[in-house]
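Written out below as structure tokens is the structure these notes cover.
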Amino acid sequence: MFTWFRNVGQTVGSLTASLYITLRYFVQTYRRRPFTKSFEYPEQPVPVKPRYRGFHRFDLTACIGCDKCARACPVDCIYIEKEKAVAPAKGFVVTGFAIDYTKCMFCSLCVDPCPADCIFMGSTYDISGYTRDGCIVDFAKLPLTVAWGQDTLNPTAVMESKRVSLPVWTKAV
């Protein structure tokens, strides 16, 4: 008989605790301010955590064209174009490094296998545009200040890079 009362007491206690939590979150939804009151999003960037996995940062001057990041990508959204280097130099010259962000799932699996540490996950979270063509970013056609700089992947620079037919940068031999 004592165990029955104990079980009923525990059941009522856990039920009231769960109802209290539900009621607390219910009240918080009506007291919460809109997102635009907390953050002035279009004018100022939203603060992100240090380990946030946003759009990539890529250093083409350090890339050796090993293709390991493209092979590690589970959705095949990284496209690398490379050419054999001229006779005195060894290896490859990367002429195109494009990422299709309509396919990318931001898993960060492309960052780990890179032996030259030239690809990182950045903190940029918005490259909105009017077409899906703007979601395919060719880092070889972006200026290095945009591709590797602090203010990475602004939509204006991405759309301007679509008009460039050749890579903007040249690697010193």
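Scheme for the structure tokens: letters A, B, ... for chains in order shown; per-chain residue numbers from 1; ligand numbers from 1 in order shown.
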
Q: Extract the full set of strand (DSSP E) residues from chain A according to DSSP on the backbone, and format it as an NGL selection string.
A: :A and (55-58 or 78-84 or 92-100 or 119-124 or 136-138)

Q. What is the distance, in Å and to one decimal place, between atom CA of A:Tyr79 and atom CA of A:Val48?
A. 28.0 Å

Q: Using DSSP on the backbone coordinates, identify all residues within stretch 63-149 of chain A classified as helix (DSSP H, G or I); present the result as a ChimeraX atom specification.
A: /A:68-72,132-135,144-147

Q: Give me, please, the distance in Å between atom CA of A:Pro88 and atom CA of A:Leu144, quoted to one decimal.
A: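 Atom CA of A:Leu144 lies at a distance of 25.4 Å from atom CA of A:Pro88.
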
Q: Select, from A:Pro47, A:Pro113, A:Gly122, A:Gly91, the residue with the minimum atom-to-atom distance to A:Trp148, counting only C-alpha atoms.
A: A:Gly122

**Q.** Gap from atom CA of A:Val27 to atom CA of A:Ser14 - Å, one decimal
**A.**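 Here the two named atoms are 20.1 Å from each other.
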
**Q.** Contacts of A:Asp117 within 9 Å, only C-alpha atoms, excl. fewer than 5 positions in-chain, as a count of residues only
**A.** 5
